[in-house]
$ cat work-v1.txt   # compact mmCIF, C-alpha atoms
# COMPACT_ATOMS: atom_id res chain seq x y z
CA MET A 16 16.70 -11.06 -6.47
CA ASN A 17 19.83 -9.77 -4.73
CA GLU A 18 20.83 -10.55 -1.15
CA GLN A 19 19.89 -7.15 0.27
CA SER A 20 16.39 -7.35 -1.22
CA LEU A 21 15.93 -10.83 0.25
CA ARG A 22 17.05 -9.60 3.66
CA GLU A 23 14.50 -6.76 3.49
CA LEU A 24 11.73 -9.17 2.44
CA ILE A 25 12.50 -11.51 5.34
CA VAL A 26 12.24 -8.62 7.81
CA GLU A 27 8.96 -7.42 6.28
CA VAL A 28 7.33 -10.85 6.23
CA PHE A 29 8.44 -11.60 9.78
CA ARG A 30 6.92 -8.35 11.01
CA LEU A 31 3.71 -9.08 9.13
CA ALA A 32 3.56 -12.55 10.72
CA TYR A 33 3.97 -10.89 14.12
CA THR A 34 1.29 -8.25 13.50
CA ARG A 35 -1.07 -10.99 12.26
CA ARG A 36 -0.48 -12.83 15.58
CA LEU A 37 1.00 -15.88 13.87
CA VAL A 38 4.08 -15.68 16.11
CA ASP A 39 4.99 -14.29 19.51
CA LEU A 40 7.62 -11.63 20.01
CA LEU A 41 10.49 -14.15 20.16
CA GLY A 42 8.95 -17.17 18.40
CA GLY A 43 8.93 -18.39 14.84
CA ASN A 44 11.43 -18.01 12.03
CA VAL A 45 11.71 -17.22 8.33
CA SER A 46 14.29 -18.15 5.73
CA ALA A 47 14.99 -17.56 2.06
CA ARG A 48 17.08 -19.56 -0.38
CA LEU A 49 19.90 -17.29 -1.49
CA ASN A 50 21.50 -19.65 -4.00
CA GLY A 51 22.11 -23.37 -4.38
CA ASN A 52 24.10 -23.72 -1.16
CA GLU A 53 23.26 -20.67 0.99
CA VAL A 54 20.22 -19.62 2.99
CA LEU A 55 19.28 -16.41 4.78
CA ILE A 56 17.50 -17.05 8.10
CA THR A 57 16.27 -15.02 11.04
CA PRO A 58 18.46 -14.98 14.14
CA THR A 59 17.60 -16.86 17.30
CA SER A 60 15.76 -15.18 20.18
CA MET A 61 15.61 -11.68 18.72
CA PRO A 62 12.37 -9.68 19.13
CA LYS A 63 10.58 -9.34 15.79
CA VAL A 64 10.42 -5.56 16.09
CA LEU A 65 14.21 -5.30 16.43
CA ILE A 66 15.20 -7.45 13.46
CA LYS A 67 16.86 -5.46 10.70
CA PRO A 68 18.18 -6.65 7.32
CA GLN A 69 21.70 -6.76 8.76
CA SER A 70 20.44 -9.02 11.61
CA ILE A 71 19.65 -11.84 9.18
CA VAL A 72 22.12 -14.74 9.35
CA LYS A 73 23.62 -16.36 6.26
CA ILE A 74 24.24 -20.12 6.54
CA ARG A 75 25.17 -22.95 4.23
CA LEU A 76 22.97 -26.00 3.76
CA ASP A 77 25.28 -27.90 6.14
CA GLY A 78 24.55 -25.33 8.90
CA THR A 79 27.86 -23.50 8.73
CA VAL A 80 27.39 -19.81 9.54
CA VAL A 81 28.77 -17.66 6.73
CA SER A 82 27.90 -14.30 8.29
CA GLY A 83 25.86 -12.88 11.13
CA GLY A 84 25.13 -14.16 14.61
CA ASN A 85 23.34 -17.31 15.69
CA PRO A 86 20.69 -18.66 13.32
CA SER A 87 17.26 -19.74 14.49
CA SER A 88 17.28 -22.95 16.50
CA GLU A 89 15.08 -24.39 13.71
CA TRP A 90 17.79 -23.94 11.04
CA ARG A 91 17.95 -27.74 10.53
CA MET A 92 14.29 -27.80 9.53
CA HIS A 93 14.75 -24.95 7.04
CA VAL A 94 17.83 -26.39 5.33
CA GLY A 95 16.22 -29.84 5.29
CA ILE A 96 13.30 -28.43 3.31
CA TYR A 97 15.61 -26.69 0.84
CA ARG A 98 17.54 -29.93 0.35
CA VAL A 99 14.43 -31.92 -0.66
CA ARG A 100 12.55 -29.19 -2.57
CA ASP A 101 14.43 -27.16 -5.15
CA ASP A 102 11.22 -25.28 -5.99
CA VAL A 103 10.93 -23.81 -2.47
CA LYS A 104 12.41 -20.33 -2.12
CA PHE A 105 10.95 -19.31 1.28
CA VAL A 106 10.10 -21.12 4.50
CA LEU A 107 7.96 -19.64 7.28
CA HIS A 108 7.59 -21.30 10.69
CA THR A 109 4.83 -19.88 12.89
CA HIS A 110 2.97 -20.74 16.10
CA PRO A 111 -0.63 -19.86 15.18
CA PRO A 112 -2.87 -20.10 18.28
CA ASN A 113 -5.97 -21.43 16.52
CA ILE A 114 -4.03 -24.18 14.77
CA LEU A 115 -2.42 -25.09 18.10
CA ALA A 116 -5.85 -25.19 19.79
CA LEU A 117 -7.21 -27.34 16.98
CA THR A 118 -4.40 -29.89 17.22
CA LYS A 119 -4.69 -29.94 21.02
CA ALA A 120 -8.40 -30.73 20.65
CA GLY A 121 -7.62 -33.53 18.19
CA LEU A 122 -9.37 -31.74 15.30
CA LYS A 123 -8.25 -31.06 11.76
CA ILE A 124 -8.61 -27.91 9.66
CA ASP A 125 -11.77 -28.10 7.57
CA LEU A 126 -10.53 -27.22 4.08
CA SER A 127 -14.05 -27.42 2.66
CA LEU A 128 -14.90 -24.07 4.24
CA SER A 129 -13.45 -21.96 1.45
CA GLU A 130 -11.31 -22.06 -1.65
CA ALA A 131 -8.34 -22.60 0.68
CA ILE A 132 -7.19 -25.68 -1.17
CA SER A 133 -6.37 -23.49 -4.17
CA TYR A 134 -4.10 -21.33 -1.98
CA VAL A 135 -2.63 -24.01 0.19
CA GLY A 136 -2.40 -27.26 -1.70
CA GLU A 137 -1.74 -30.33 0.40
CA ILE A 138 -1.26 -30.19 4.17
CA ALA A 139 0.88 -32.75 5.99
CA GLU A 140 1.15 -33.40 9.72
CA VAL A 141 4.03 -34.51 11.88
CA PRO A 142 3.75 -35.66 15.49
CA TYR A 143 5.17 -33.58 18.30
CA LEU A 144 8.94 -33.73 18.23
CA LYS A 145 11.32 -31.57 20.21
CA PRO A 146 11.60 -28.08 18.66
CA GLY A 147 14.96 -27.49 17.00
CA SER A 148 15.80 -31.20 16.94
CA ALA A 149 17.23 -33.19 14.07
CA GLU A 150 14.24 -35.55 14.44
CA LEU A 151 11.80 -32.71 13.80
CA ALA A 152 13.84 -31.49 10.84
CA ASP A 153 13.88 -35.00 9.34
CA ALA A 154 10.13 -35.49 9.84
CA VAL A 155 9.27 -32.14 8.23
CA SER A 156 11.68 -32.77 5.33
CA ARG A 157 10.04 -36.14 4.67
CA ALA A 158 6.59 -34.53 4.81
CA VAL A 159 7.40 -31.76 2.31
CA SER A 160 9.34 -34.00 -0.03
CA ARG A 161 6.02 -34.63 -1.80
CA ARG A 162 5.74 -31.77 -4.31
CA GLY A 163 2.11 -30.92 -3.55
CA VAL A 164 2.74 -30.30 0.16
CA THR A 165 2.99 -26.59 0.96
CA ALA A 166 2.12 -26.67 4.67
CA VAL A 167 3.01 -28.93 7.58
CA VAL A 168 1.15 -28.87 10.87
CA LEU A 169 3.55 -29.61 13.71
CA MET A 170 1.33 -31.21 16.34
CA ASN A 171 1.22 -29.14 19.56
CA HIS A 172 3.96 -26.90 18.18
CA GLY A 173 3.04 -24.85 15.13
CA LEU A 174 2.99 -24.63 11.38
CA VAL A 175 5.51 -24.58 8.54
CA THR A 176 4.54 -23.10 5.19
CA VAL A 177 6.65 -22.86 2.05
CA GLY A 178 6.43 -20.85 -1.12
CA SER A 179 8.10 -19.41 -4.16
CA THR A 180 7.64 -15.94 -2.60
CA PRO A 181 7.55 -14.90 1.06
CA TYR A 182 4.01 -13.61 0.59
CA GLU A 183 2.86 -16.97 -0.72
CA ALA A 184 4.24 -18.69 2.40
CA LEU A 185 2.69 -16.02 4.65
CA ASN A 186 -0.68 -16.18 2.89
CA ARG A 187 -0.77 -19.94 3.35
CA ALA A 188 -0.16 -19.52 7.07
CA GLU A 189 -2.86 -16.85 7.33
CA VAL A 190 -5.42 -18.83 5.35
CA LEU A 191 -4.85 -21.94 7.48
CA GLU A 192 -4.99 -19.97 10.74
CA ASN A 193 -8.28 -18.36 9.65
CA LEU A 194 -9.69 -21.76 8.70
CA ALA A 195 -8.59 -23.18 12.05
CA TYR A 196 -10.50 -20.38 13.77
CA ILE A 197 -13.62 -21.05 11.68
CA THR A 198 -13.32 -24.79 12.36
CA LEU A 199 -13.01 -24.22 16.12
CA PHE A 200 -15.85 -21.70 16.20
CA SER A 201 -18.19 -23.86 14.14
CA ASN A 202 -17.46 -26.83 16.41
CA CYS A 203 -18.34 -24.66 19.45
CA LEU A 204 -21.63 -23.79 17.80
CA GLY A 205 -22.37 -27.44 17.13
CA LYS A 206 -21.36 -27.24 13.43

$ encode --input "work-v1.txt" --output "C-alpha cells"
Amino acid sequence: MNEQSLRELIVEVFRLAYTRRLVDLLGGNVSARLNGNEVLITPTSMPKVLIKPQSIVKIRLDGTVVSGGNPSSEWRMHVGIYRVRDDVKFVLHTHPPNILALTKAGLKIDLSLSEAISYVGEIAEVPYLKPGSAELADAVSRAVSRRGVTAVVLMNHGLVTVGSTPYEALNRAEVLENLAYITLFSNCLGK
C-alpha cells in the first residue's frame, strides 16, 4: 500500500474511533508502519475532525520527524510496538469509557460473553504509568512482545490494539469496549 493510501486510512480509522466514542476530540492516536524504518502517526493535540491526510506525521523508529508537525505524545509507545512486532502494521490507542470504568472498579473484561477471543486474541495489562512516558512505552512493548497479544489495557488510562489492518485494530477496540459495557452492566444487575 502506498503512503497516500495509508494516510487516508489513518484519517478514516481515527474518525471512526471518534464517532464510536472510543476517543475524545483531542485524545487517542493511530499509526501505520510505512516501511522497515518509518511510521505514519497522527499529530499531537489536533481535533479528530480536522485531521487530513497531509496532517499525518512521518517519523523514524528512533523518533526523528521526517515530515509533518509534531507527532502524538505517545509516539514512543507506537515505535516500541513496531520494534518488537514485525507482524504489526497498525496501532490504535483509545480511551474507551467502559474499559476505563471497568479498570477503575478493579474488574476485568469477561471474554466468555461472546466469540470475542476469536477477534481479539490475548489481552495484556500494564499498570498506570504516565501517558507519553518512556516507561509506558517500555511496558507496552514488553506486553505485546508475545505474539498472541493484540490488545493491552492501560490501567486507568486506555487501550492499545494492534493489527495487520487498521480495521482489525479498530474492531478489536470496539469488541473490547462492548464487552466492557456488558461486563459492567451485568455486574450492576448482579450477574

$ closest_residue --input "work-v1.txt" --among "A:Asn202, A:Asn171, A:Ser160, A:Thr34" --to "A:Arg98" --atoms "all atoms listed in the file"
A:Ser160

$ closest_residue --input "work-v1.txt" --among "A:Val159, A:Met170, A:Leu76, A:Leu128" --to "A:Ile56" --atoms "all atoms listed in the file"
A:Leu76

$ closest_residue --input "work-v1.txt" --among "A:Ser156, A:Thr198, A:Asn85, A:Thr165" --to "A:Ser127" --atoms "only C-alpha atoms"
A:Thr198

$ closest_residue --input "work-v1.txt" --among "A:Ala120, A:Leu55, A:Ala195, A:Val28" --to "A:Tyr182" --atoms "all atoms listed in the file"
A:Val28

$ residues_around --input "work-v1.txt" --residues "A:Gly121" --least-positions-apart "3" --cutoff "12 Å" --atoms "only C-alpha atoms" --output "ChimeraX atom specification"
/A:114-118,124,142,170-171,198-199

$ closest_residue --input "work-v1.txt" --among "A:Met61, A:Ile138, A:Leu40, A:Val190" --to "A:Pro86" --atoms "all atoms listed in the file"
A:Met61

$ closest_residue --input "work-v1.txt" --among "A:Ala158, A:Val168, A:Val80, A:Leu107" --to "A:Tyr143" --atoms "only C-alpha atoms"
A:Val168

$ residues_near_point --input "work-v1.txt" --point "(1.7, -32.9, 3.6)" --cutoff "12 Å" --atoms "only C-alpha atoms" --output "list in words"
Val135, Gly136, Glu137, Ile138, Ala139, Glu140, Val141, Ala154, Val155, Ser156, Arg157, Ala158, Val159, Ser160, Arg161, Arg162, Gly163, Val164, Thr165, Ala166, Val167, Val168, Leu169, Leu174, Val175, Thr176 and Val177 of chain A

$ residues_around --input "work-v1.txt" --residues "A:Glu89" --least-positions-apart "6" --cutoff "12 Å" --atoms "only C-alpha atoms" --output "number ranges by chain"
A: 42-46, 56-60, 78, 95-96, 106-109, 145-153, 155, 175

$ atom_distance --input "work-v1.txt" --atom1 "atom CA of A:Val38" --atom2 "atom CA of A:His110"
5.2 Å

$ atom_distance --input "work-v1.txt" --atom1 "atom CA of A:Tyr97" --atom2 "atom CA of A:Lys123"
26.6 Å

$ axis_aligned_box --input "work-v1.txt" --around "stretch 112-131 of chain A" --padding-each-side "8 Å" --output "AutoDock Vina command-line options"
--center_x -8.7 --center_y -26.8 --center_z 9.7 --size_x 28.5 --size_y 29.4 --size_z 38.7

$ residues_around --input "work-v1.txt" --residues "A:Leu31" --least-positions-apart "4" --cutoff "12 Å" --atoms "all atoms listed in the file" --output "list in words"
Leu24, Ile25, Val26, Glu27, Arg35, Arg36, Leu37, Val38, Asp39, Leu40, Val45, Lys63, Val64, Leu107, Thr109, Pro181, Tyr182, Ala184, Leu185, Asn186, Ala188 and Glu189 of chain A

$ atom_distance --input "work-v1.txt" --atom1 "atom CA of A:Arg22" --atom2 "atom CA of A:Gln69"
7.5 Å
